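Chemist: Structure below; questions to follow.
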Amino acid sequence: MEPIKPEIKQRVQELRQLLQQASYAYYVLDSPMMEDAVYDQLYRELQDLENQYPELVTPDSPTQRVGEKPATQFTSVRHNIPLYSLENAFNVDELQAWDQRWRRQAPPQTTADYVCELKIDGNALALTYENGVLTRGATRGDGVMGEDITQNVRTIRSIPLRLNLTGLQNFERVEVRGETFLPLDVFKQINAERQKAGESLFANPRNAAAGTLRQLDSRIVAQRKLDFFAYTLHIPGMDDASIASSQWEALALLQKMGFRVNPNQKLCASLAEVAEYYQHWDTERLNLPYMTDGVVVKINSFKLQEQLGFTQKFPRWAIALKYAAEEAPTRVENIAVNVGRTGALTPLAEMRPVQLAGTTVSRATLHNADRIAQLDIRIGDTVIVRKAGEIIPEVVRVLKELRPPDTEPFVMPSHCPVCSQSVVREMGEAVTRCVNTSCAAILKGAIEHWVSRDALDIRGIGEKLVHQLVDKGLVHSVADLYNLTSEKLYALERMGQKSADKIIDAIAQSKNQPWSRVLYGLGIRHVGNVTAQLLTEKFQSVEQLKTARVSDIEGIYGIGAEIADSIYQWFHISANQTLIQRLQAAGLQFSTTADTTVTDDTENQKLAGKTFVITGTLPTLKRDEAKALIQKAGGKVTESVSKKTDYVVVGEDAGSKLAKAEALGITQLSEAQLLEFL
């Protein structure tokens with residue numbers, strides 16, 4: 001094979017650069033630099049050269065935006081940096097309350113300015129660039145795990161395949177977050193075409209964008225003309241002020257790199273300016289060519305953001321200030337009361353079905369007795385219902401002028417609607433609870449939580465099966481799941497032998513789930529999966545946690561007094577102590593500390609006598625997974641770096657441990673190097 005002539009290589013490079021510049025000018029700057037016919041001619045020339053010399057094709061070439069073959073499926077991937085959701089506010093008063101909350105966490109006399117950006121009603125994407133080239137595009141998923149849709153992301157013209165790093169250092173990795181959306185004119189065109197073809201219509205642009213992103217054929221995605229606004233940038237070492245010291249500077253840097261950012265951003269010196277911005281766009285947003293449902297407000301300074309940190313769910317330094325959701329009138333046909341796994345009694349309005357924000361709504365939460373009294377809602381009332389945060393339907397107000405004459409005030413039950421035991425309402429609490437731990441509703445909720453994906457992840461046990469197990473008396477606690485047999489399951493309604501065997505196998509497999517998942521699965525009030533992870537990193541066995549003082553638990557960053565007291569009280573209830581003993585006897589994992597003095601793997605003790613410290617977020621392994629691998633190979637894992645440490649395994653966002661390791665001259669390993677070492 002003859003070598004490719006240098007002038008051909010040079011021409012291919014010239015064409016790529018020219019086409020990338022033209023795409024940036026057209027899709028990002030909205031200022032075309034050449035006629036469409038000229039662009040098409042240059043594109044065709046590049047395509048012909050790459051067909052003739054396929055070895056010159058690179059992932060960042062403009063010709064690679066549309067995949068040749070449909071994907072067979074999407075794979076789940078762990079985000080390098082978690083995508084946190086935002087706390088919502090629905091008016092300026094709630095915005096001011098947020099401002100007061102973060103100021104209580106900040107040093108006295110702290111001043112701040114704010115960056116306001118329109119909240120685009122689309123779908124979040126996480127983009128990864130390595131050495132300037134797009135290597136991964138993923139959906140938000142649950143914020144920790146998403147789906148790899150890189151092939152589809154490549155079709156979005158406003159997402160650069162290669163970053164413009166002119167005048168910037170060649171960053172090894174760049175993480176970008178943003179929102180992909182369908183412009184309104186494109187959305188209308190798609191629905192018109194679907195109607196003409198006799199297909200069902202998309203309810204709204206966000207649903208259409210979500211459905212488009214999950215198309216297995218990227219050629220269809222390309223036809224849908226998705227757009228993208230970038231809003232968050234993370235570069236390892238970004239705390240260096242020479243890169244960007246604020247959100248405002250990061251937005252400018254994103255533009256310089258080739259991204260489109262929302263042009264309606266504003267830097268506000270005060271909360272009053274934020275309120276003006278919010279009120280201005282309440283009406284002006286109707287003139288935009290895309291859907292927006294609010295304003296995202298962020299504290300500008302990265303240093304202050306770092307000081308404030310995160311709650312269990314949200315960053316303290318940002319909030320979504322939402323506009324009033326779509327509202328609709330309907331009639332209340334009944335008020336039911338549900339009992340959850342914590343015993344909380346939640347009243348629900350059962351209503352005549354109504355279309356709301358693209359979905360059919362027939363039930364809405366009434367929260368608690370106080371909310372019912374405040375609304376004075378009754379069966380037969382005509383009410384205005386909306387979606388809070390456009391997710392959970394709620395009753396906004398009652399149209400009392402339309403109330404029938406024979407209605408009666410609704411009173412919360414004095415006894416549990418499931419077990420008939422008396423309910424209680426603690427002093428200072430809004431929630432009424434059933435405190436009977438044998439209540440079937442509490443038991444069913446506890447089991448559904450235990451088998452859920454984020455807890456023990458026992459596949460095959462859904463809500464219907466849980467109800468059968470409890471109603472038939474086969475299960476009286478989550479520990480009873482581990483006494484089930486295929487024969488017992490096979491005797492249940494609509495249960496085949498093969499399905500029964502699979503469920504028993506899934507129950508057995510759940511015994512391998514780590515201590516953090518077991519702790520989350522116990523359903524302790526206020527303990528979500530993030531809190532469970534924090535607790536198990538500090539308390540590496542159930543014995544350590546159940547003997548901990550409230551002050552010990554509260555000392556963990558991100559855990560407050562209320563959560564700490566709830567955990568302490570739970571472990572001091574005798575029934576819960578018995579439950580733990582039964583689950584331990586069944587073989588569940590209640591410790592992250594393995595016994596390294598005895599091992600079944602005598603052939604792989606490569607790390608015997610070596611001490612490791614793990615710091616930062618690893619690309620694919622969880623910390624306890626990496627720890628287990630090291631211990632299985634005979635190594636020891638400690639929490640702090642010292643002169644006795646042999647290796648430090650370093651992930652993303654490594655902190656003070658890395659600095660201490662560098663000062664002591666301790667060898668550093670990446671995840672890949674650790675796996676190679678093993």
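Residues in the structure tokens are named by chain (A, B, ... in the order shown) and by number from 1 within that chain; ligands are numbered from 1 in the order shown.
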Would you give me, as a ChimeraX atom specification, the residues in region 178-412 of chain A that DSSP reads as alpha helix (DSSP H)?
Modeler: /A:184-196,205-213,218-224,247-257,271-284,302-308,369-375
Chemist: Would you kindly return, as a ChimeraX atom specification, each protein, DNA or RNA residue with an atom no farther than 9 Å from any atom of Val332 (chain A), considering only C-alpha atoms and excluding same-chain residues fewer than 3 positions away?
Modeler: /A:335,349-352,377-383
Chemist: Residues of the last selection are to be written out with C-alpha atoms, as a PDB file, in the first residue's frame.
Modeler:
```
ATOM      1  CA  ILE A 335     -60.301  11.485  49.511  1.00  0.00           C
ATOM      2  CA  ALA A 349     -57.475  13.507  46.392  1.00  0.00           C
ATOM      3  CA  GLU A 350     -58.976  11.118  43.841  1.00  0.00           C
ATOM      4  CA  MET A 351     -60.220  13.335  41.011  1.00  0.00           C
ATOM      5  CA  ARG A 352     -61.948  13.277  37.674  1.00  0.00           C
ATOM      6  CA  ILE A 377     -61.080  20.572  50.795  1.00  0.00           C
ATOM      7  CA  ARG A 378     -64.107  18.283  50.661  1.00  0.00           C
ATOM      8  CA  ILE A 379     -65.399  15.432  48.531  1.00  0.00           C
ATOM      9  CA  GLY A 380     -67.398  16.997  45.691  1.00  0.00           C
ATOM     10  CA  ASP A 381     -65.336  20.198  45.561  1.00  0.00           C
ATOM     11  CA  THR A 382     -64.095  21.709  42.305  1.00  0.00           C
ATOM     12  CA  VAL A 383     -60.386  22.362  42.687  1.00  0.00           C
TER      13      VAL A 383
END
```
Chemist: Counting only C-alpha atoms, which residues of region 270-382 of chain A sit at most 12 Å from some atom of region 440-459 of chain A, and what is each one's closest atom pair with its distance in Å to one decimal, listed by chain and rising residue number, as a tab-separated table?
Modeler:
```
residue	atom	partner	partner_atom	distance
A:Val337	CA	A:Ala441	CA	11.5
A:Asn338	CA	A:Ala441	CA	8.5
A:Val339	CA	A:Ala441	CA	5.9
A:Gly340	CA	A:Ile442	CA	5.9
A:Arg341	CA	A:Gly445	CA	4.1
A:Thr342	CA	A:Ile442	CA	6.3
A:Gly343	CA	A:Ile442	CA	5.7
A:Ala344	CA	A:Ile442	CA	8.8
A:Leu345	CA	A:Ala441	CA	10.3
```
Chemist: If you run DSSP on the backbone here, which positions in region 373-444 of chain A get strand (DSSP E or B)? Please write them as a list in words.
Modeler: Thr382, Val383, Ile384, Val385, Arg386, Lys387, Ala388, Ile392, Pro393, Glu394, Val395, Val396, Arg397, Val398, His415, Ser422, Val423, Val424, Arg433 and Cys434 of chain A
Chemist: Those same residues, written as a CSV table (one decimal), in the first residue's frame with N, CA, C and O atoms?
Modeler:
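The resulting out13.csv:
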```csv
chain,number,residue,atom,x,y,z
A,382,THR,N,-64.8,21.4,43.5
A,382,THR,CA,-64.1,21.7,42.3
A,382,THR,C,-62.8,22.4,42.7
A,382,THR,O,-62.8,23.3,43.5
A,383,VAL,N,-61.7,21.9,42.2
A,383,VAL,CA,-60.4,22.4,42.7
A,383,VAL,C,-59.5,22.7,41.5
A,383,VAL,O,-59.8,22.3,40.4
A,384,ILE,N,-58.5,23.5,41.8
A,384,ILE,CA,-57.5,23.8,40.8
A,384,ILE,C,-56.3,23.0,41.1
A,384,ILE,O,-55.8,23.0,42.3
A,385,VAL,N,-55.8,22.2,40.2
A,385,VAL,CA,-54.7,21.3,40.4
A,385,VAL,C,-53.5,21.7,39.5
A,385,VAL,O,-53.7,22.1,38.4
A,386,ARG,N,-52.3,21.5,40.0
A,386,ARG,CA,-51.1,21.7,39.1
A,386,ARG,C,-50.1,20.7,39.5
A,386,ARG,O,-50.2,20.0,40.5
A,387,LYS,N,-49.0,20.7,38.8
A,387,LYS,CA,-47.8,19.8,39.1
A,387,LYS,C,-46.8,20.6,39.8
A,387,LYS,O,-46.2,21.6,39.2
A,388,ALA,N,-46.4,20.3,41.0
A,388,ALA,CA,-45.4,21.0,41.7
A,388,ALA,C,-44.1,20.6,41.1
A,388,ALA,O,-43.7,19.4,41.1
A,392,ILE,N,-45.0,16.3,40.6
A,392,ILE,CA,-46.0,15.8,41.5
A,392,ILE,C,-47.3,16.6,41.5
A,392,ILE,O,-47.3,17.8,41.8
A,393,PRO,N,-48.4,16.0,41.1
A,393,PRO,CA,-49.7,16.8,41.1
A,393,PRO,C,-50.1,17.2,42.5
A,393,PRO,O,-50.0,16.4,43.5
A,394,GLU,N,-50.5,18.4,42.7
A,394,GLU,CA,-51.0,18.9,44.0
A,394,GLU,C,-52.2,19.9,43.8
A,394,GLU,O,-52.3,20.5,42.7
A,395,VAL,N,-53.0,19.9,44.8
A,395,VAL,CA,-54.2,20.8,44.7
A,395,VAL,C,-53.7,22.2,45.2
A,395,VAL,O,-53.2,22.3,46.3
A,396,VAL,N,-54.0,23.2,44.4
A,396,VAL,CA,-53.6,24.6,44.7
A,396,VAL,C,-54.6,25.3,45.5
A,396,VAL,O,-54.3,25.9,46.5
A,397,ARG,N,-55.9,25.2,45.1
A,397,ARG,CA,-57.0,25.9,45.8
A,397,ARG,C,-58.3,25.3,45.5
A,397,ARG,O,-58.5,24.5,44.5
A,398,VAL,N,-59.3,25.6,46.3
A,398,VAL,CA,-60.6,25.1,46.2
A,398,VAL,C,-61.5,26.2,45.7
A,398,VAL,O,-61.4,27.3,46.2
A,415,HIS,N,-57.8,6.1,63.5
A,415,HIS,CA,-57.2,4.8,63.5
A,415,HIS,C,-56.7,4.5,62.1
A,415,HIS,O,-57.2,5.0,61.1
A,422,SER,N,-54.7,2.7,66.7
A,422,SER,CA,-54.8,4.1,66.9
A,422,SER,C,-53.5,4.8,66.2
A,422,SER,O,-52.4,4.2,66.3
A,423,VAL,N,-53.7,5.9,65.6
A,423,VAL,CA,-52.6,6.7,65.0
A,423,VAL,C,-52.2,7.8,66.0
A,423,VAL,O,-53.0,8.2,66.9
A,424,VAL,N,-51.0,8.3,65.8
A,424,VAL,CA,-50.5,9.4,66.7
A,424,VAL,C,-49.9,10.5,65.8
A,424,VAL,O,-49.5,10.3,64.6
A,433,ARG,N,-49.1,9.4,62.1
A,433,ARG,CA,-48.5,8.1,61.8
A,433,ARG,C,-49.2,6.9,62.5
A,433,ARG,O,-49.7,7.1,63.6
A,434,CYS,N,-49.1,5.8,61.8
A,434,CYS,CA,-49.4,4.5,62.5
A,434,CYS,C,-48.1,4.0,63.1
A,434,CYS,O,-47.1,4.0,62.4
```
Chemist: Between CA of Lys488 (chain A) and CA of Ala500 (chain A), what is the spacing in Å?
Modeler: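 We find that CA of Ala500 (chain A) and CA of Lys488 (chain A) lie 8.6 Å from each other.
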